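Trainee: Data: model19.txt, compact mmCIF, C-alpha atoms.
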```txt
# COMPACT_ATOMS: atom_id res chain seq x y z
CA MET A 21 191.85 284.83 242.94
CA MET A 22 188.27 284.88 241.65
CA LYS A 23 187.63 283.34 238.26
CA GLU A 24 186.30 285.44 235.40
CA ILE A 25 182.84 284.53 234.18
CA ASN A 26 180.57 285.84 231.44
CA LEU A 27 176.83 285.73 232.12
CA GLU A 28 175.73 287.01 228.72
CA ASN A 29 172.23 285.83 227.73
CA LYS A 30 171.53 284.83 231.34
CA ILE A 31 168.76 286.20 233.56
CA THR A 32 169.27 286.82 237.28
CA VAL A 33 166.38 287.54 239.64
CA ILE A 34 167.29 289.25 242.92
CA THR A 35 164.98 289.96 245.86
CA GLY A 36 166.00 292.58 248.39
CA ALA A 37 167.74 294.33 245.50
CA SER A 38 167.22 297.93 246.62
CA SER A 39 170.24 298.11 248.91
CA GLY A 40 173.01 296.20 250.64
CA ILE A 41 174.04 292.73 249.51
CA GLY A 42 171.13 292.32 247.09
CA ALA A 43 171.91 295.58 245.29
CA GLU A 44 175.61 294.79 245.02
CA ILE A 45 174.92 291.29 243.67
CA ALA A 46 172.58 292.83 241.08
CA ILE A 47 175.28 295.28 239.98
CA GLU A 48 177.97 292.61 239.84
CA ALA A 49 175.76 290.19 237.87
CA ALA A 50 174.98 292.96 235.37
CA ARG A 51 178.69 293.80 235.19
CA LYS A 52 179.18 290.19 234.10
CA ASN A 53 176.57 290.80 231.35
CA SER A 54 173.54 289.13 232.94
CA ASP A 55 170.14 290.73 232.48
CA VAL A 56 168.62 291.35 235.90
CA VAL A 57 165.23 291.53 237.58
CA LEU A 58 165.34 293.68 240.71
CA ILE A 59 162.67 293.18 243.35
CA ALA A 60 162.12 295.20 246.53
CA ARG A 61 159.47 297.39 248.15
CA ASP A 62 161.03 300.81 247.48
CA ILE A 63 160.84 301.63 243.75
CA GLN A 64 162.94 304.78 244.14
CA LYS A 65 165.80 302.81 245.66
CA LEU A 66 165.46 300.25 242.87
CA GLN A 67 165.73 303.06 240.33
CA HIS A 68 168.91 304.22 242.03
CA VAL A 69 170.36 300.71 241.69
CA GLN A 70 169.27 300.66 238.06
CA ALA A 71 171.14 303.92 237.46
CA ARG A 72 174.28 302.41 239.00
CA ILE A 73 173.93 299.38 236.76
CA LYS A 74 173.63 301.54 233.66
CA GLN A 75 176.99 303.10 234.54
CA VAL A 76 178.75 299.75 234.25
CA SER A 77 176.61 297.61 231.94
CA ASP A 78 174.22 297.57 228.97
CA SER A 79 172.25 294.70 230.51
CA ASP A 80 168.46 294.85 230.53
CA VAL A 81 166.99 295.74 233.92
CA ILE A 82 163.43 295.04 235.09
CA LEU A 83 162.20 296.69 238.28
CA ILE A 84 159.39 295.24 240.40
CA SER A 85 158.10 296.88 243.58
CA ALA A 86 156.74 294.22 245.92
CA ASP A 87 156.40 293.08 249.52
CA MET A 88 158.04 289.65 249.42
CA SER A 89 156.49 288.59 252.71
CA ASN A 90 153.00 288.45 251.16
CA PRO A 91 152.16 285.19 249.30
CA ASP A 92 149.52 286.82 247.08
CA ILE A 93 151.94 289.54 245.99
CA ILE A 94 154.67 286.96 245.39
CA GLU A 95 152.32 285.17 243.02
CA GLN A 96 151.69 288.46 241.20
CA VAL A 97 155.43 289.11 240.95
CA TYR A 98 155.95 285.71 239.37
CA LYS A 99 153.17 286.26 236.82
CA LYS A 100 154.53 289.69 235.96
CA MET A 101 157.98 288.26 235.33
CA LYS A 102 156.58 285.43 233.20
CA SER A 103 154.83 287.98 231.00
CA LYS A 104 158.20 289.57 230.23
CA ILE A 105 160.76 286.75 230.27
CA ASP A 106 160.61 283.06 229.50
CA ARG A 107 163.21 281.59 231.85
CA PHE A 108 165.20 282.13 235.04
CA ASP A 109 168.87 281.20 235.20
CA TYR A 110 169.73 282.44 238.69
CA LEU A 111 167.58 283.31 241.68
CA VAL A 112 169.15 285.26 244.54
CA ASN A 113 166.95 285.41 247.64
CA ALA A 114 168.45 288.35 249.51
CA ALA A 115 165.33 289.94 251.01
CA GLY A 116 165.29 289.91 254.79
CA PHE A 117 165.73 291.86 258.00
CA GLY A 118 166.84 291.31 261.58
CA ASP A 119 166.49 292.86 265.00
CA PHE A 120 168.93 292.41 267.86
CA ASP A 121 166.79 292.21 270.95
CA SER A 122 166.24 289.78 273.77
CA PHE A 123 163.66 287.19 272.76
CA PHE A 124 161.60 288.03 275.83
CA ASP A 125 161.55 291.73 274.93
CA MET A 126 160.72 291.30 271.24
CA SER A 127 157.10 291.51 270.16
CA MET A 128 155.79 288.34 268.55
CA THR A 129 154.37 290.50 265.78
CA LYS A 130 157.93 291.45 264.82
CA ALA A 131 159.05 287.85 265.16
CA GLN A 132 156.24 286.76 262.83
CA SER A 133 157.17 289.47 260.32
CA MET A 134 160.78 288.26 260.35
CA PHE A 135 159.75 284.69 259.60
CA ASP A 136 157.25 285.84 256.95
CA LEU A 137 159.97 287.61 254.97
CA ASN A 138 163.19 285.77 255.80
CA VAL A 139 161.77 282.26 255.56
CA MET A 140 158.23 281.90 254.20
CA GLY A 141 158.58 284.56 251.50
CA LEU A 142 161.82 282.94 250.37
CA MET A 143 160.14 279.54 250.26
CA TYR A 144 157.07 280.77 248.34
CA PHE A 145 159.20 282.47 245.69
CA THR A 146 161.70 279.62 245.43
CA ARG A 147 158.84 277.18 244.89
CA LEU A 148 157.60 279.15 241.87
CA ILE A 149 160.99 279.82 240.27
CA GLY A 150 162.35 276.39 241.15
CA ARG A 151 159.56 274.62 239.29
CA ASP A 152 160.45 276.52 236.12
CA MET A 153 164.13 275.60 236.57
CA MET A 154 163.15 271.94 237.01
CA LYS A 155 161.24 271.97 233.73
CA VAL A 156 164.24 273.19 231.72
CA GLY A 157 166.80 271.19 233.70
CA SER A 158 169.09 274.04 234.66
CA GLY A 159 169.47 276.98 236.99
CA LYS A 160 170.89 277.95 240.36
CA ILE A 161 169.23 279.21 243.53
CA ILE A 162 171.34 281.31 245.91
CA ASN A 163 169.84 281.82 249.37
CA LEU A 164 171.18 284.37 251.83
CA GLY A 165 171.69 282.69 255.16
CA SER A 166 174.01 284.05 257.81
CA VAL A 167 176.76 283.04 260.22
CA ALA A 168 174.02 283.80 262.78
CA GLY A 169 172.29 280.66 261.55
CA LYS A 170 175.36 278.63 262.49
CA ILE A 171 176.74 280.28 265.63
CA PRO A 172 174.30 281.39 268.37
CA THR A 173 174.76 284.72 270.10
CA PRO A 174 172.52 286.43 272.67
CA LYS A 175 169.87 288.89 271.45
CA SER A 176 169.45 287.24 268.06
CA ALA A 177 167.19 284.27 268.82
CA VAL A 178 164.52 284.99 266.21
CA TYR A 179 166.86 286.25 263.49
CA SER A 180 169.22 283.31 264.03
CA ALA A 181 166.27 280.92 263.87
CA THR A 182 165.17 282.34 260.52
CA LYS A 183 168.65 281.98 259.07
CA ALA A 184 169.11 278.47 260.44
CA ALA A 185 165.81 277.63 258.72
CA VAL A 186 167.09 279.09 255.44
CA ILE A 187 170.31 277.09 255.68
CA GLN A 188 168.61 273.78 256.37
CA PHE A 189 165.88 274.44 253.82
CA SER A 190 168.60 275.05 251.23
CA ASN A 191 170.44 271.86 252.18
CA VAL A 192 167.34 269.74 251.61
CA LEU A 193 166.34 271.70 248.50
CA ARG A 194 169.76 270.95 247.03
CA LEU A 195 169.08 267.22 247.34
CA GLU A 196 165.59 267.46 245.87
CA LEU A 197 166.74 269.53 242.88
CA ALA A 198 169.90 267.56 242.12
CA PRO A 199 168.11 265.07 239.78
CA PHE A 200 166.94 268.07 237.72
CA ASP A 201 170.44 269.62 237.43
CA VAL A 202 169.32 272.67 239.40
CA LYS A 203 171.95 273.82 241.88
CA VAL A 204 171.53 275.46 245.29
CA MET A 205 174.08 277.54 247.18
CA THR A 206 173.77 279.11 250.62
CA VAL A 207 175.68 282.33 251.36
CA ASN A 208 176.37 282.81 255.06
CA PRO A 209 178.08 286.14 255.69
CA GLY A 210 179.19 287.48 259.02
CA PRO A 211 178.54 291.18 259.66
CA VAL A 212 178.33 293.20 256.43
CA SER A 213 178.62 296.97 256.21
CA THR A 214 175.05 297.72 255.09
CA ASN A 215 171.95 299.52 256.37
CA PHE A 216 170.81 296.18 257.85
CA PHE A 217 172.23 297.43 261.14
CA ASN A 218 170.09 300.59 261.05
CA ILE A 219 167.25 298.33 262.20
CA ALA A 220 169.07 295.42 263.83
CA ASP A 221 171.62 297.36 265.90
CA LYS A 222 169.83 300.43 267.19
CA ASN A 223 172.49 301.53 269.68
CA GLY A 224 175.46 300.87 267.36
CA HIS A 225 177.33 298.76 269.91
CA TYR A 226 177.41 295.63 267.76
CA VAL A 227 178.89 297.41 264.73
CA GLU A 228 181.55 298.99 266.92
CA ASN A 229 182.52 295.66 268.45
CA VAL A 230 182.70 293.54 265.29
CA GLY A 231 184.59 295.93 263.04
CA SER A 232 187.42 293.46 262.51
CA PHE A 233 184.97 290.92 261.02
CA MET A 234 182.98 293.40 258.90
CA LEU A 235 182.66 292.57 255.20
CA GLU A 236 182.16 295.09 252.41
CA PRO A 237 179.02 294.32 250.37
CA ASP A 238 180.63 294.83 246.97
CA GLU A 239 183.47 292.42 247.77
CA LEU A 240 180.99 289.84 249.06
CA ALA A 241 178.90 290.27 245.90
CA GLN A 242 181.93 289.61 243.70
CA LYS A 243 182.59 286.35 245.53
CA VAL A 244 178.95 285.29 245.30
CA VAL A 245 178.62 285.99 241.58
CA SER A 246 181.92 284.24 240.85
CA HIS A 247 180.21 281.01 241.95
CA PHE A 248 177.06 281.40 239.85
CA GLU A 249 178.15 278.81 237.32
CA ASP A 250 179.88 276.24 239.51
CA SER A 251 178.64 273.65 241.99
CA LYS A 252 179.69 275.33 245.23
CA LYS A 253 177.16 274.48 247.93
CA GLU A 254 177.99 276.95 250.66
CA LEU A 255 179.94 280.18 251.03
CA THR A 256 180.59 281.28 254.62
CA LEU A 257 182.62 284.45 255.14
CA PRO A 258 184.88 285.77 256.54
CA PHE A 259 187.24 282.79 256.80
CA SER A 260 187.67 283.26 260.56
CA LEU A 261 183.94 282.95 261.21
CA ASN A 262 183.72 279.98 258.86
CA LEU A 263 186.31 278.23 261.04
CA ALA A 264 184.43 279.32 264.16
CA SER A 265 181.19 277.81 262.85
CA LYS A 266 182.91 274.48 262.23
CA PHE A 267 184.45 274.58 265.71
CA TYR A 268 181.05 275.27 267.26
CA LEU A 269 179.51 272.31 265.42
CA LEU A 270 182.19 269.99 266.84
CA PHE A 271 182.47 271.48 270.33
CA PRO A 272 179.17 273.21 271.23
CA MET A 273 179.77 273.25 275.00
CA ILE A 274 183.13 274.97 274.62
CA GLY A 275 181.54 277.23 271.98
CA ASP A 276 178.78 278.30 274.38
CA TYR A 277 181.34 279.12 277.06
CA ILE A 278 183.39 281.26 274.66
CA ILE A 279 180.32 283.07 273.34
CA MET A 280 178.97 283.86 276.81
CA LYS A 281 182.36 285.11 278.00
CA TRP A 282 183.59 287.01 274.93
CA GLY A 283 181.04 286.77 272.14
CA ASP A 284 178.08 288.83 273.39
CA LYS A 285 178.78 292.00 271.39
CA LYS A 286 175.23 293.32 270.94
```
Show me the file's structure as structure tokens.

Mentor:
Amino acid sequence: MMKEINLENKITVITGASSGIGAEIAIEAARKNSDVVLIARDIQKLQHVQARIKQVSDSDVILISADMSNPDIIEQVYKKMKSKIDRFDYLVNAAGFGDFDSFFDMSMTKAQSMFDLNVMGLMYFTRLIGRDMMKVGSGKIINLGSVAGKIPTPKSAVYSATKAAVIQFSNVLRLELAPFDVKVMTVNPGPVSTNFFNIADKNGHYVENVGSFMLEPDELAQKVVSHFEDSKKELTLPFSLNLASKFYLLFPMIGDYIIMKWGDKK
């Protein structure tokens, strides 16, 4: 059973907030009375999320349209937020995309774009917000990793590499921020029923094959937000894939055999 929390007088910043996991986390945080800053490229989609928030909460909502893969724009986003608010209690880095394709068939331009958004953009923004959290001695950073960053599967080399980078970056960041009482949590979901797969899974085969593991974004968001105020370091869901990731860490050769025989669902 998830614990009840009240985030009144708190401020949550969410990237990738226009749809999917980011949007649902924004709505759930607002439902718990946090004011929210929603960041994504598509302002119309952000406005739609804002309208959904207003149906369940009186929280203040700030919308910022931005490409979070561009360092110069990230700097502008930070300055814009600082002109409106004086602190950041929670940062949720949910912006990202994937593409399920053989590494040797994927263009390196797309691979670069994936790293620019999923990894470098996250790092640039975390660096800015994290410094503010260090100054006040509080805050929590929640980074969206993935089970793909823990368990390898064919046709996800670049995406898995970005998420493995996010996971390990978060692990080290947690150690560096601990003396400042700033917490870091990594969220590593398996497949989630969002429009992520409109890009990643063009033929629809993967979604068909992993239906039994598919998470609903609103339920995932509830679990994520329920840990905003505690010291949980990692949330990997569903439970079955969390166990699988631990098994793979201990027995990688057996894990590779199982994945090659039964796990190539893309």

Trainee: Calculated over all atoms listed in the file, which of the candidates A:Asn113, A:Ser180, A:Gln188, A:Asn26 has the smallest distance to His247 (chain A)?

Mentor: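 Using all atoms listed in the file, the shortest distance to His247 (chain A) belongs to A:Asn26.
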
Trainee: Which of these residues is nearest to Ser251 (chain A), using only C-alpha atoms: A:Lys99, A:Lys203, A:Lys266, A:Lys23?

Mentor: A:Lys203

Trainee: Please provide as an MDAnalysis selection string all residues within 9 Å of region 274-277 of chain A, with the sequence filter that same-chain residues fewer than 3 positions apart are discarded (counting only C-alpha atoms).

Mentor: chainID A and resid 171:173 264 267:271 280:282

Trainee: Show which residues sit within 8 Å of Gly159 (chain A), as an NGL selection string. Count all atoms listed in the file, and ignore same-chain residues fewer than 2 positions away.

Mentor: :A and (108-110 or 153 or 157 or 161 or 201-203)

Trainee: Can you tell me how far CA of Lys253 (chain A) sits from CA of Phe189 (chain A), in Å to one decimal?

Mentor: 12.7 Å

Trainee: Hey, which of A:Asp62, A:Glu249, A:Glu236, A:Asp125 ends up closest to Lys175 (chain A)? Count all atoms listed in the file.

Mentor: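 Nearest candidate to Lys175 (chain A) out of A:Asp62, A:Glu249, A:Glu236, A:Asp125: A:Asp125.
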
Trainee: Go through A:Tyr98, A:Phe259, A:Phe248, A:Phe200 and flag the residue nearest Leu148 (chain A), using all atoms listed in the file for the distances.

Mentor: A:Tyr98

Trainee: Which of these residues is nearest to Ala49 (chain A), using only C-alpha atoms: A:Glu28, A:Asp121, A:Glu95, A:Glu254?

Mentor: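 Closest to Ala49 (chain A), using only C-alpha atoms: A:Glu28.
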
Trainee: Skip Lys100 (chain A) itself and residues of its chain fewer than 5 positions away, then list as a list in words all residues within 12 Å of it, counting all atoms listed in the file.

Mentor: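 Close residues of Lys100 (chain A): Val57, Ile59, Ile82, Leu83, Ile84, Ser85, Ala86, Ile93, Ile94, Glu95, Ile105 and Asp106 of chain A.
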
Trainee: How would the residues just picked look written out with C-alpha atoms as a compact mmCIF listing (two decimals), in the frame of the given file?

Mentor:
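Done, and the output landed in part09.txt:
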```
# COMPACT_ATOMS: atom_id res chain seq x y z
CA VAL A 57 165.23 291.53 237.58
CA ILE A 59 162.67 293.18 243.35
CA ILE A 82 163.43 295.04 235.09
CA LEU A 83 162.20 296.69 238.28
CA ILE A 84 159.39 295.24 240.40
CA SER A 85 158.10 296.88 243.58
CA ALA A 86 156.74 294.22 245.92
CA ILE A 93 151.94 289.54 245.99
CA ILE A 94 154.67 286.96 245.39
CA GLU A 95 152.32 285.17 243.02
CA ILE A 105 160.76 286.75 230.27
CA ASP A 106 160.61 283.06 229.50
```

Trainee: Could you give me the centre and size, in Å to one decimal, of an axis-aligned box around all listed atoms of region 106-112 of chain A with 5 Å added on every side, as JSON?

Mentor:
```
{"center_x": 165.2, "center_y": 283.2, "center_z": 237.0, "size_x": 19.1, "size_y": 14.1, "size_z": 25.0}
```

Trainee: When distances are computed from only C-alpha atoms, which of A:Leu235, A:Met126, A:Ile187, A:Ile162 shows the smallest separation from Val204 (chain A)?

Mentor: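 The shortest atom-to-atom distance to Val204 (chain A) comes from A:Ile162.
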